Structures are given as structure tokens and as C-alpha cells.
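Listing of target.csv; format and content: CSV, C-alpha atoms.
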```csv
chain,number,residue,atom,x,y,z
W,11,MET,CA,85.0,71.9,139.6
W,12,ASN,CA,88.4,73.6,140.1
W,13,GLU,CA,91.3,71.9,138.4
W,14,THR,CA,94.6,71.8,140.1
W,15,PRO,CA,96.9,74.2,138.4
W,16,ASP,CA,99.6,72.6,136.4
W,17,PRO,CA,103.0,73.5,137.9
W,18,LEU,CA,104.4,74.1,134.4
W,19,GLU,CA,101.5,76.4,133.5
W,20,THR,CA,102.1,78.3,136.7
W,21,GLU,CA,105.8,78.6,135.8
W,22,LEU,CA,104.9,79.8,132.3
W,23,LEU,CA,102.5,82.4,133.7
W,24,ALA,CA,105.4,83.8,135.8
W,25,ILE,CA,107.4,84.2,132.6
W,26,HIS,CA,105.7,86.8,130.5
W,27,PRO,CA,106.3,88.2,127.0
W,28,ARG,CA,108.0,91.6,126.8
W,29,PRO,CA,105.7,94.5,126.6
W,30,VAL,CA,105.1,96.3,123.3
W,31,SER,CA,107.5,99.1,122.5
W,32,ALA,CA,106.7,102.7,122.7
W,33,GLU,CA,107.3,102.9,118.9
W,34,LEU,CA,104.6,100.4,118.2
W,35,ARG,CA,102.2,102.3,120.5
W,36,GLN,CA,102.9,105.6,118.8
W,37,HIS,CA,102.5,104.1,115.3
W,38,ILE,CA,99.2,102.6,116.2
W,39,ALA,CA,98.1,105.8,117.8
W,40,GLY,CA,99.1,107.7,114.7
W,41,ARG,CA,97.3,105.4,112.3
W,42,LEU,CA,94.2,105.2,114.4
W,43,ALA,CA,94.1,109.0,114.8
W,44,GLY,CA,94.3,109.2,111.0
W,45,SER,CA,91.6,106.6,110.6
W,46,THR,CA,89.3,108.6,112.9
W,47,THR,CA,89.3,111.5,110.5
W,48,GLN,CA,89.0,109.0,107.6
W,49,HIS,CA,85.9,107.5,109.2
W,50,LYS,CA,84.3,110.9,109.5
W,51,ARG,CA,85.2,111.8,105.9
W,52,PRO,CA,82.8,109.4,104.2
W,53,LEU,CA,79.9,111.1,105.8
W,54,TRP,CA,80.4,114.3,104.0
W,55,GLN,CA,82.0,112.5,101.0
W,56,VAL,CA,78.8,110.5,100.6
W,57,ALA,CA,76.7,113.6,100.9
W,58,LEU,CA,78.8,115.5,98.4
W,59,GLY,CA,78.9,112.5,96.0
W,60,GLY,CA,75.2,112.0,96.3
W,61,GLY,CA,74.6,115.7,95.6
W,62,LEU,CA,76.8,115.6,92.5
W,63,ALA,CA,75.2,112.5,91.3
W,64,ALA,CA,71.8,113.9,91.7
W,65,THR,CA,72.8,117.1,89.9
W,66,CYS,CA,74.3,115.1,87.0
W,67,LEU,CA,71.1,113.0,86.8
W,68,ALA,CA,68.9,116.1,86.9
W,69,ALA,CA,71.0,117.8,84.2
W,70,LEU,CA,70.9,114.7,82.0
W,71,PHE,CA,67.2,114.5,82.5
W,72,LEU,CA,66.6,118.1,81.6
W,73,ALA,CA,69.0,117.9,78.6
W,74,ARG,CA,66.8,115.1,77.2
W,75,GLY,CA,63.8,117.3,77.8
W,76,GLY,CA,62.2,114.8,80.1
W,77,GLY,CA,61.6,117.2,82.9
W,78,ARG,CA,60.0,120.0,80.9
W,79,PRO,CA,56.5,120.0,79.9
W,80,ALA,CA,55.9,120.1,76.1
W,81,VAL,CA,55.8,123.8,75.3
W,82,VAL,CA,53.0,124.5,72.8
W,83,GLY,CA,53.7,128.0,71.9
W,84,PRO,CA,52.6,130.1,69.1
W,85,LEU,CA,53.3,128.8,65.7
W,86,ASP,CA,56.4,130.1,64.0
W,87,VAL,CA,55.0,132.7,61.7
W,88,ARG,CA,58.3,134.2,60.7
W,89,PRO,CA,58.0,134.9,57.0
W,90,GLY,CA,60.2,133.1,54.6
W,91,ARG,CA,61.2,130.4,57.1
W,92,THR,CA,58.7,127.7,57.2
W,93,GLU,CA,57.7,127.8,53.6
W,94,ASP,CA,61.3,127.5,52.4
W,95,GLU,CA,61.9,124.4,54.4
W,96,LEU,CA,60.9,120.9,53.4
W,97,PRO,CA,57.1,120.2,53.6
W,98,SER,CA,55.8,120.1,57.1
W,99,LEU,CA,52.5,119.8,58.7
W,100,ARG,CA,53.0,123.1,60.4
W,101,ALA,CA,53.7,125.0,57.2
W,102,TYR,CA,50.6,123.5,55.6
W,103,ARG,CA,48.5,124.5,58.6
W,104,GLN,CA,49.9,128.0,58.5
W,105,ALA,CA,49.2,128.3,54.8
W,106,LEU,CA,45.7,126.9,55.2
W,107,ALA,CA,45.0,129.3,58.1
W,108,ARG,CA,45.8,132.2,55.8
W,109,SER,CA,43.8,131.1,52.7
W,110,PRO,CA,43.3,128.0,50.5
W,111,GLU,CA,45.2,129.8,47.8
W,112,ASP,CA,48.2,130.0,50.0
W,113,LEU,CA,48.0,126.3,50.7
W,114,ASP,CA,47.9,125.6,47.0
W,115,ALA,CA,50.9,127.9,46.4
W,116,LEU,CA,52.8,126.2,49.1
W,117,LEU,CA,52.0,122.8,47.7
W,118,ASP,CA,53.2,123.9,44.2
W,119,ARG,CA,56.4,125.3,45.6
W,120,HIS,CA,57.2,122.2,47.5
W,121,THR,CA,56.4,120.0,44.6
W,122,ALA,CA,58.6,121.9,42.3
W,123,ARG,CA,61.5,122.2,44.8
W,124,GLY,CA,61.2,118.6,45.8
W,125,SER,CA,61.5,117.3,42.3
W,126,ARG,CA,64.6,119.4,41.7
W,127,LEU,CA,66.2,118.3,44.9
W,128,ASN,CA,65.5,114.7,44.2
W,129,SER,CA,67.0,114.9,40.8
W,130,GLN,CA,70.2,116.4,42.3
W,131,LEU,CA,70.4,113.6,44.8
W,132,VAL,CA,70.0,111.0,42.2
W,133,ARG,CA,72.8,112.5,40.2
W,134,ILE,CA,75.2,112.6,43.1
W,135,ARG,CA,74.5,109.0,44.0
W,136,ALA,CA,74.9,107.9,40.4
W,137,PHE,CA,78.3,109.5,40.0
W,138,ASN,CA,80.0,109.1,43.3
W,139,ARG,CA,83.1,111.1,42.4
W,140,PRO,CA,84.5,114.0,44.5
W,141,ASP,CA,84.9,116.3,41.5
W,142,LEU,CA,81.3,115.7,40.4
W,143,GLU,CA,80.0,116.2,43.9
W,144,VAL,CA,81.7,119.6,44.1
W,145,PHE,CA,80.2,120.4,40.7
W,146,ASP,CA,76.8,119.2,41.7
W,147,SER,CA,76.9,121.1,45.0
W,148,GLN,CA,77.9,124.3,43.3
W,149,GLU,CA,75.3,123.8,40.6
W,150,MET,CA,72.7,123.2,43.2
W,151,GLU,CA,73.6,126.4,45.1
W,152,ASP,CA,73.4,128.3,41.8
W,153,SER,CA,70.1,126.9,41.0
W,154,ASP,CA,68.9,127.7,44.5
W,155,ALA,CA,70.0,131.2,44.1
W,156,LYS,CA,68.2,131.6,40.8
W,157,TRP,CA,65.1,129.8,42.0
W,158,LYS,CA,61.9,131.7,42.4
W,159,PRO,CA,58.8,130.1,43.6
W,160,SER,CA,56.6,129.2,40.7
W,161,SER,CA,53.5,129.3,42.6
W,162,ALA,CA,50.1,130.6,42.5
W,163,LEU,CA,51.5,134.0,43.1
W,164,ASP,CA,52.3,134.2,39.4
W,165,VAL,CA,49.0,132.9,38.4
W,166,PRO,CA,46.8,135.6,37.1
W,167,GLY,CA,43.9,136.3,39.4
W,168,THR,CA,45.7,135.4,42.5
W,169,ARG,CA,47.1,137.8,45.0
W,170,PRO,CA,50.4,137.3,46.8
W,171,GLY,CA,50.0,137.2,50.5
W,172,PRO,CA,52.4,138.9,52.8
W,173,LEU,CA,54.3,135.7,53.5
W,174,GLY,CA,54.6,134.8,50.0
W,175,SER,CA,56.1,138.1,48.9
W,176,LEU,CA,58.6,138.0,51.7
W,177,CYS,CA,59.9,134.5,51.0
W,178,ARG,CA,60.9,135.2,47.4
W,179,ARG,CA,64.6,135.0,46.7
W,180,GLY,CA,66.8,136.7,44.1
V,25,MET,CA,92.6,105.1,136.7
V,26,ALA,CA,91.1,102.3,134.7
V,27,ARG,CA,90.8,102.9,131.0
V,28,ASP,CA,87.7,102.7,129.0
V,29,PRO,CA,87.4,99.2,127.6
V,30,ASP,CA,86.4,100.7,124.3
V,31,GLU,CA,89.7,102.5,124.0
V,32,TRP,CA,92.3,100.8,121.8
V,33,GLU,CA,95.0,101.3,124.4
V,34,THR,CA,93.1,99.0,126.8
V,35,TRP,CA,93.2,96.3,124.2
V,36,LEU,CA,96.9,96.9,123.4
V,37,ASP,CA,97.8,96.8,127.2
V,38,ARG,CA,95.9,93.6,127.7
V,39,HIS,CA,97.0,91.7,124.6
V,40,GLY,CA,99.8,93.6,123.0
V,41,ALA,CA,102.7,91.5,124.5
V,42,ALA,CA,101.0,88.2,123.7
V,43,LEU,CA,100.3,89.4,120.2
V,44,VAL,CA,103.9,90.3,119.5
V,45,LEU,CA,104.9,86.9,120.9
V,46,LEU,CA,102.4,85.2,118.7
V,47,ALA,CA,103.6,87.1,115.6
V,48,ARG,CA,107.1,86.3,116.5
V,49,GLN,CA,106.4,82.6,116.1
V,50,ARG,CA,106.2,83.2,112.4
V,51,VAL,CA,108.5,86.1,111.7
V,52,ALA,CA,112.2,86.3,112.4
V,53,SER,CA,112.7,89.5,114.5
V,54,ARG,CA,110.9,91.4,117.1
V,55,ALA,CA,110.8,94.5,114.8
V,56,ASP,CA,109.0,92.4,112.1
V,57,ALA,CA,106.6,91.1,114.8
V,58,GLU,CA,105.7,94.6,115.9
V,59,ASP,CA,105.1,95.6,112.3
V,60,VAL,CA,102.8,92.6,111.9
V,61,VAL,CA,101.0,93.5,115.1
V,62,GLN,CA,100.6,97.1,114.0
V,63,GLU,CA,99.0,96.2,110.7
V,64,ALA,CA,96.7,93.6,112.4
V,65,PHE,CA,95.7,95.8,115.3
V,66,VAL,CA,94.7,98.7,113.1
V,67,ARG,CA,92.7,96.4,110.9
V,68,PHE,CA,91.1,94.8,114.0
V,69,TRP,CA,90.2,98.1,115.6
V,70,ARG,CA,88.5,99.4,112.4
V,71,SER,CA,86.4,96.3,112.0
V,72,ARG,CA,86.1,94.9,115.5
V,73,HIS,CA,82.3,95.7,115.7
V,74,ARG,CA,81.6,93.1,113.1
V,75,ALA,CA,83.2,90.3,115.1
V,76,ASP,CA,81.2,88.0,117.3
V,77,ASP,CA,84.1,87.6,119.6
V,78,PRO,CA,86.5,90.6,119.3
V,79,THR,CA,89.2,88.9,121.3
V,80,ALA,CA,89.3,85.9,119.1
V,81,TYR,CA,89.1,88.2,116.1
V,82,LEU,CA,92.1,90.2,117.2
V,83,TYR,CA,94.2,87.1,117.4
V,84,THR,CA,92.9,86.0,114.0
V,85,CYS,CA,94.0,89.3,112.5
V,86,VAL,CA,97.5,88.9,113.9
V,87,GLN,CA,97.7,85.3,112.8
V,88,ASN,CA,96.7,86.2,109.3
V,89,SER,CA,99.0,89.2,109.1
V,90,ALA,CA,101.9,87.0,110.3
V,91,LEU,CA,101.1,84.4,107.7
V,92,ASN,CA,101.0,87.0,105.0
V,93,TRP,CA,104.3,88.4,106.2
V,94,GLN,CA,105.8,85.0,106.2
V,95,ARG,CA,104.6,84.3,102.6
V,96,SER,CA,106.0,87.6,101.4
V,97,ARG,CA,109.3,86.9,103.1
V,98,GLU,CA,109.5,83.5,101.3
V,99,ARG,CA,109.3,85.3,98.0
V,100,ARG,CA,112.3,87.4,98.7
V,101,SER,CA,115.8,86.5,98.0
V,102,ARG,CA,117.9,84.2,100.1
V,103,ARG,CA,120.2,87.0,101.1
V,104,GLU,CA,117.3,89.0,102.5
V,105,GLU,CA,116.2,85.8,104.4
V,106,ALA,CA,119.6,85.5,105.9
V,107,ALA,CA,119.5,89.1,107.1
V,108,ALA,CA,116.2,88.5,108.8
V,109,ARG,CA,117.4,85.6,111.0
V,110,PRO,CA,116.3,85.6,114.7
V,111,GLU,CA,118.0,88.2,116.8
V,112,ALA,CA,119.7,87.7,120.1
V,113,GLU,CA,117.0,89.6,122.1
V,114,SER,CA,114.8,87.4,124.2
V,115,ALA,CA,111.0,87.4,123.6
V,116,LEU,CA,110.2,86.6,127.2
V,117,ALA,CA,111.0,88.2,130.5
V,118,GLY,CA,111.0,86.3,133.8
V,119,PRO,CA,111.5,86.9,137.5
V,120,MET,CA,114.8,88.2,138.5
V,121,GLY,CA,117.4,85.5,139.2
V,122,GLN,CA,115.7,83.0,136.9
V,123,GLU,CA,117.3,84.0,133.6
V,124,GLU,CA,118.6,80.6,132.9
V,125,ARG,CA,115.2,79.0,133.5
V,126,ARG,CA,113.6,81.6,131.3
V,127,GLU,CA,116.1,80.9,128.5
V,128,ALA,CA,115.5,77.2,128.8
V,129,VAL,CA,111.7,77.7,128.6
V,130,GLU,CA,112.2,79.9,125.6
V,131,ALA,CA,114.5,77.4,123.9
V,132,VAL,CA,112.0,74.6,124.4
V,133,LEU,CA,109.2,76.8,123.2
V,134,ARG,CA,111.1,77.4,120.0
V,135,SER,CA,111.5,73.7,119.5
V,136,LEU,CA,107.8,73.0,119.5
V,137,PRO,CA,105.9,72.6,116.3
V,138,GLU,CA,104.5,75.9,115.1
V,139,THR,CA,100.9,74.8,115.5
V,140,GLN,CA,101.5,73.9,119.2
V,141,ARG,CA,103.4,77.1,119.9
V,142,GLU,CA,100.5,79.2,118.6
V,143,VAL,CA,98.0,77.5,120.9
V,144,LEU,CA,100.3,77.7,123.8
V,145,VAL,CA,100.9,81.4,123.4
V,146,MET,CA,97.2,82.1,123.0
V,147,LYS,CA,96.2,80.0,126.0
V,148,VAL,CA,99.0,80.9,128.5
V,149,TRP,CA,99.8,84.5,127.7
V,150,GLY,CA,96.8,85.6,125.7
V,151,GLY,CA,94.4,84.1,128.3
V,152,LEU,CA,92.1,82.8,125.6
V,153,SER,CA,89.7,79.9,126.1
V,154,PHE,CA,89.8,76.9,123.9
V,155,PRO,CA,86.7,77.9,122.0
V,156,GLN,CA,88.3,81.3,121.4
V,157,ILE,CA,91.5,79.7,120.2
V,158,ALA,CA,89.5,77.4,118.0
V,159,GLU,CA,87.8,80.4,116.4
V,160,ALA,CA,91.0,82.4,116.0
V,161,LEU,CA,92.8,79.5,114.3
V,162,ARG,CA,89.7,78.1,112.6
V,163,ILE,CA,90.2,74.7,114.1
V,164,PRO,CA,87.9,72.5,116.3
V,165,ALA,CA,88.1,73.3,120.0
V,166,ASN,CA,89.1,69.7,120.7
V,167,THR,CA,92.0,70.1,118.4
V,168,ALA,CA,93.1,73.3,120.1
V,169,ALA,CA,92.9,71.5,123.5
V,170,SER,CA,94.9,68.5,122.3
V,171,ARG,CA,97.6,70.7,120.8
V,172,TYR,CA,97.9,72.5,124.1
V,173,ARG,CA,98.2,69.2,126.0
V,174,TYR,CA,100.8,68.0,123.6
V,175,ALA,CA,102.8,71.2,123.9
V,176,LEU,CA,102.8,71.1,127.7
V,177,ALA,CA,103.8,67.5,127.7
V,178,ARG,CA,106.7,68.1,125.3
V,179,MET,CA,107.8,71.1,127.3
V,180,ARG,CA,107.6,69.2,130.5
V,181,GLU,CA,109.7,66.5,129.0
V,182,ARG,CA,112.3,68.8,127.6
V,183,LEU,CA,112.5,71.0,130.7
V,184,ALA,CA,112.9,67.9,132.9
V,185,GLU,CA,116.2,67.4,131.1
V,186,GLU,CA,117.3,70.8,132.1
V,187,PRO,CA,119.1,71.2,135.4
V,188,ILE,CA,116.8,72.7,138.1
V,189,PRO,CA,118.1,76.1,139.2
```
Once you've parsed the file, please lay out its structure as C-alpha cells.
Amino acid sequence: MNETPDPLETELLAIHPRPVSAELRQHIAGRLAGSTTQHKRPLWQVALGGGLAATCLAALFLARGGGRPAVVGPLDVRPGRTEDELPSLRAYRQALARSPEDLDALLDRHTARGSRLNSQLVRIRAFNRPDLEVFDSQEMEDSDAKWKPSSALDVPGTRPGPLGSLCRRG
Amino acid sequence: MARDPDEWETWLDRHGAALVLLARQRVASRADAEDVVQEAFVRFWRSRHRADDPTAYLYTCVQNSALNWQRSRERRSRREEAAARPEAESALAGPMGQEERREAVEAVLRSLPETQREVLVMKVWGGLSFPQIAEALRIPANTAASRYRYALARMRERLAEEPIP
């Protein structure tokens, strides 16, 4: 059904709004031209960002050691290193691999050293003063410098192994 | 040569004048209205694919931009408001020899309530249907139609008082 056109509507249609200015057209053209490149940018920006993120994640993963298989290499048999450190299962295994006597010597050394270290720690905690700490630290260094392993190496009838002789200090 | 309907210039040629007129119902000058349309049109063009009815969405963008412009203007000082008063330039252009009638129509249009003016501009010069106007203004279609009828009735009444050229 066709409605009869309203005369006022017809009159209004004959009057029309002014066309947009050339400036408005230029401004829109400029902004949309800029937006065209902006729309393309995210494609490579996303790719670059994703690559960087993946690299960071991989670096973080590797830094934590998660990506590497556990390396079970040869035991550290450098003389004078493991036996001077605090007791460890590896040191005991190395000593036992050499000989039972070496294991006993290592146990004696760790026992003697551990008791001395523990006593130093107790003293530092008991007198928590800076001057005493300096004194105790110095004393500890001196005692370490003078320390020789009192081990089965000195026991008559035992023979010092190659590691035992190299780890002696002073 | 007809332009590709997917080119922004096709949309601007078709709706630009009505959009500026619509914006001018809420802002004081034509320059401000064109600024509003520029912002709205760029936003529309970048996101038009998401709209169910792109034409209605275009008018929604202009309407929202004009409202934002109006609010920001209201926050400004009174002196700036006075400087932005309506200019002398006409918003409408009519057939030669009917300038007085055009001026009368424009004066009556300005006297209408804002809500009726918006519907009238969208319907007459934007060529939108009532459902599209309803979507653009987020009002029921019946409300859009009744506002249009009221606007025409009031214009008819006021223009009847004008001397016929």
C-alpha cells in the first residue's frame, strides 16, 4: 500500500542539508589512511610480541633447568675439594670407592671439623656483638689456616691416599 | 562511475550532510558539528563490521559523539560557551528563489524539541526507517514514529503561520 506523500515531507526533501566541507573529507581521509597502516601493524606486532614472549618463556624455563635433562656426569674427583666441604653423600661415596680407610679418614675429618665449626657458631650467637663477631671470624680463619686433618692418615699403619695428601693445608 | 559501497567516501557522500545536520542539533557551530562527525565517522568505519545495521550504527556514533561533545562543553566556562553560540551560516540549502521559505523551515526546525529534531533529521534527510532510528537512538520504533508525527504536526502548524511565498 502506497501512502500519499505528505506535502510537508516533500517540501522538506527539497530542502537539503549543506554538503560536508572539503576539510572534513580530507581529515577523515587522513585519519583513515593512518588507520589502515595501524590495522596492518598489529599483525606483525603480534608476531613480534609473541616471539619475544616465547623467547622469554624459553629463557626462563632453561634458567630454571627445566628444559635440560639431568646431567649425570662423572663424579668430581678434584683433589682437595670435596673432602674439605661439609659432609656430602658424594664425598663419602668417593672415599668408599677408594678404600674403607679413606672413608674412615673422611668421617674423622668431618667429625673434628664439624665440632669446631659448631662451637664457633654457638659462640657467635651467644655474644651477638659486632666486635666479637669480627674477633670470632678472625679466630676462625686462623684456626682454619692452622688446621690439619687429624685423620687416619696420621694413624700408624695407614697409608695416605693421593687425595688425602693433596687436601692437607698449611 | 559509481563508487564501491565498501569505500568510506560512498558512506560520507550518502550520509555526511545529514550527519552534520544531526550533530548540529546538539552543538553550536558547523565547525564543531564537523569535528563531531569526523570523530564519529572514523570510529564507525573502524568498527562497522561488528554492527548488525551499519547505517543505524553510523548515526548512533554521531549521536554519541555529539552528546559527549555537548557534555564536555557544559563543563567549560561560561565565556567559552558564549563564544560558541550559533553562527549566522545556514545549515540547510534550498531551491533558488525560496530562501525565505528555507529560513522559515530552519527556524521552525530549531524550535522543535531536541528529541523530535533528531528523529526528523534521521527520517527526512538521513533516509532511515523507523526501526533504524529506533536502533540508533535506542528507543522503541513506535516512539520514533510518534516523535516524527509530532514534529511534522508542529512544523505544519508553525509554518502555516508563515506567509506563503
What residues in chain V lie within 8 Å of chain W, counting only C-alpha atoms, written as a ChimeraX atom specification?
/V:40-42,44-45,58-59,62,65-66,115-119,126,148-149,176,180
Would you save the residues of that selection, restricted to C-alpha atoms, as a CSV table (one decimal), keeping the file's coordinate frame?
```csv
chain,number,residue,atom,x,y,z
V,40,GLY,CA,99.8,93.6,123.0
V,41,ALA,CA,102.7,91.5,124.5
V,42,ALA,CA,101.0,88.2,123.7
V,44,VAL,CA,103.9,90.3,119.5
V,45,LEU,CA,104.9,86.9,120.9
V,58,GLU,CA,105.7,94.6,115.9
V,59,ASP,CA,105.1,95.6,112.3
V,62,GLN,CA,100.6,97.1,114.0
V,65,PHE,CA,95.7,95.8,115.3
V,66,VAL,CA,94.7,98.7,113.1
V,115,ALA,CA,111.0,87.4,123.6
V,116,LEU,CA,110.2,86.6,127.2
V,117,ALA,CA,111.0,88.2,130.5
V,118,GLY,CA,111.0,86.3,133.8
V,119,PRO,CA,111.5,86.9,137.5
V,126,ARG,CA,113.6,81.6,131.3
V,148,VAL,CA,99.0,80.9,128.5
V,149,TRP,CA,99.8,84.5,127.7
V,176,LEU,CA,102.8,71.1,127.7
V,180,ARG,CA,107.6,69.2,130.5
```
Length of the CA of Leu99 (chain W) to CA of Leu116 (chain W) vector [Å]
11.5 Å
Distance of CA of Ser96 (chain V) from CA of Ala75 (chain V), expressed in Å to one decimal place:
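Computing the Euclidean distance for CA of Ala75 (chain V) and CA of Ser96 (chain V) yields 26.7 Å.
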Name the residues in contact with Glu127 (chain V) at a cut-off of 9 Å, using only C-alpha atoms, excluding same-chain residues fewer than 5 positions from it; report them as a list in words.
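Non-adjacent residues within range: Ser114, Leu116, Gln122 and Val132 of chain V.
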Using only C-alpha atoms, what residues lie at most 7 Å away from (93.3, 73.9, 119.7) (file coordinates), given as number ranges by chain?
V: 143, 154, 157-158, 163-172
Atom-to-atom span, CA of Ala55 (chain V) and CA of Lys147 (chain V), Å:
23.4 Å
Between V:Gln94, V:Thr79, V:Glu142, V:Ala184, which one has atoms that come closest to Arg38 (chain V), using all atoms listed in the file?
V:Thr79
What box, with edges along x, y and z, holds each listed atom of region 164-181 of chain V when 5 Å is added on every side, and can you state its centre and edge lengths in Å to one decimal, as JSON?
```
{"center_x": 98.8, "center_y": 69.9, "center_z": 123.4, "size_x": 31.8, "size_y": 16.8, "size_z": 24.2}
```
V:Arg70, V:Asp56, V:Glu138, V:Ala64: which is nearest Gly44 (chain W), counting only C-alpha atoms?
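Using only C-alpha atoms, the shortest distance to Gly44 (chain W) belongs to V:Arg70.
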Because the input lacks atoms here, generate N, CA and C atoms for region 22-39 of chain W and report them as a short mmCIF file (atom, residue, chain, number, x, y, z; two decimals), in the frame of the given file.
```
data_model
loop_
_atom_site.label_atom_id
_atom_site.label_comp_id
_atom_site.auth_asym_id
_atom_site.auth_seq_id
_atom_site.Cartn_x
_atom_site.Cartn_y
_atom_site.Cartn_z
N LEU W 22 104.98 78.99 133.57
CA LEU W 22 104.90 79.80 132.30
C LEU W 22 104.22 81.11 132.54
N LEU W 23 103.23 81.12 133.40
CA LEU W 23 102.50 82.40 133.70
C LEU W 23 103.47 83.38 134.38
N ALA W 24 104.43 82.86 135.12
CA ALA W 24 105.40 83.80 135.80
C ALA W 24 106.34 84.39 134.78
N ILE W 25 106.54 83.66 133.70
CA ILE W 25 107.40 84.20 132.60
C ILE W 25 106.40 84.88 131.63
N HIS W 26 106.63 86.10 131.33
CA HIS W 26 105.70 86.80 130.50
C HIS W 26 106.39 87.44 129.28
N PRO W 27 105.67 87.60 128.22
CA PRO W 27 106.30 88.20 127.00
C PRO W 27 106.65 89.69 127.32
N ARG W 28 107.62 90.18 126.60
CA ARG W 28 108.00 91.60 126.80
C ARG W 28 106.90 92.50 126.32
N PRO W 29 106.75 93.59 127.03
CA PRO W 29 105.70 94.50 126.60
C PRO W 29 105.99 95.16 125.28
N VAL W 30 104.96 95.68 124.67
CA VAL W 30 105.10 96.30 123.30
C VAL W 30 105.97 97.57 123.50
N SER W 31 106.66 97.88 122.45
CA SER W 31 107.50 99.10 122.50
C SER W 31 106.73 100.35 122.37
N ALA W 32 107.39 101.42 122.79
CA ALA W 32 106.70 102.70 122.70
C ALA W 32 106.51 103.11 121.21
N GLU W 33 107.41 102.62 120.34
CA GLU W 33 107.30 102.90 118.90
C GLU W 33 105.99 102.32 118.34
N LEU W 34 105.78 101.06 118.72
CA LEU W 34 104.60 100.40 118.20
C LEU W 34 103.32 101.15 118.71
N ARG W 35 103.31 101.54 119.95
CA ARG W 35 102.20 102.30 120.50
C ARG W 35 101.95 103.59 119.74
N GLN W 36 103.06 104.27 119.48
CA GLN W 36 102.90 105.60 118.80
C GLN W 36 102.43 105.35 117.34
N HIS W 37 102.96 104.32 116.68
CA HIS W 37 102.50 104.10 115.30
C HIS W 37 101.04 103.75 115.25
N ILE W 38 100.61 102.91 116.18
CA ILE W 38 99.20 102.60 116.20
C ILE W 38 98.34 103.80 116.50
N ALA W 39 98.82 104.59 117.46
CA ALA W 39 98.10 105.80 117.80
C ALA W 39 97.97 106.74 116.60
#
```
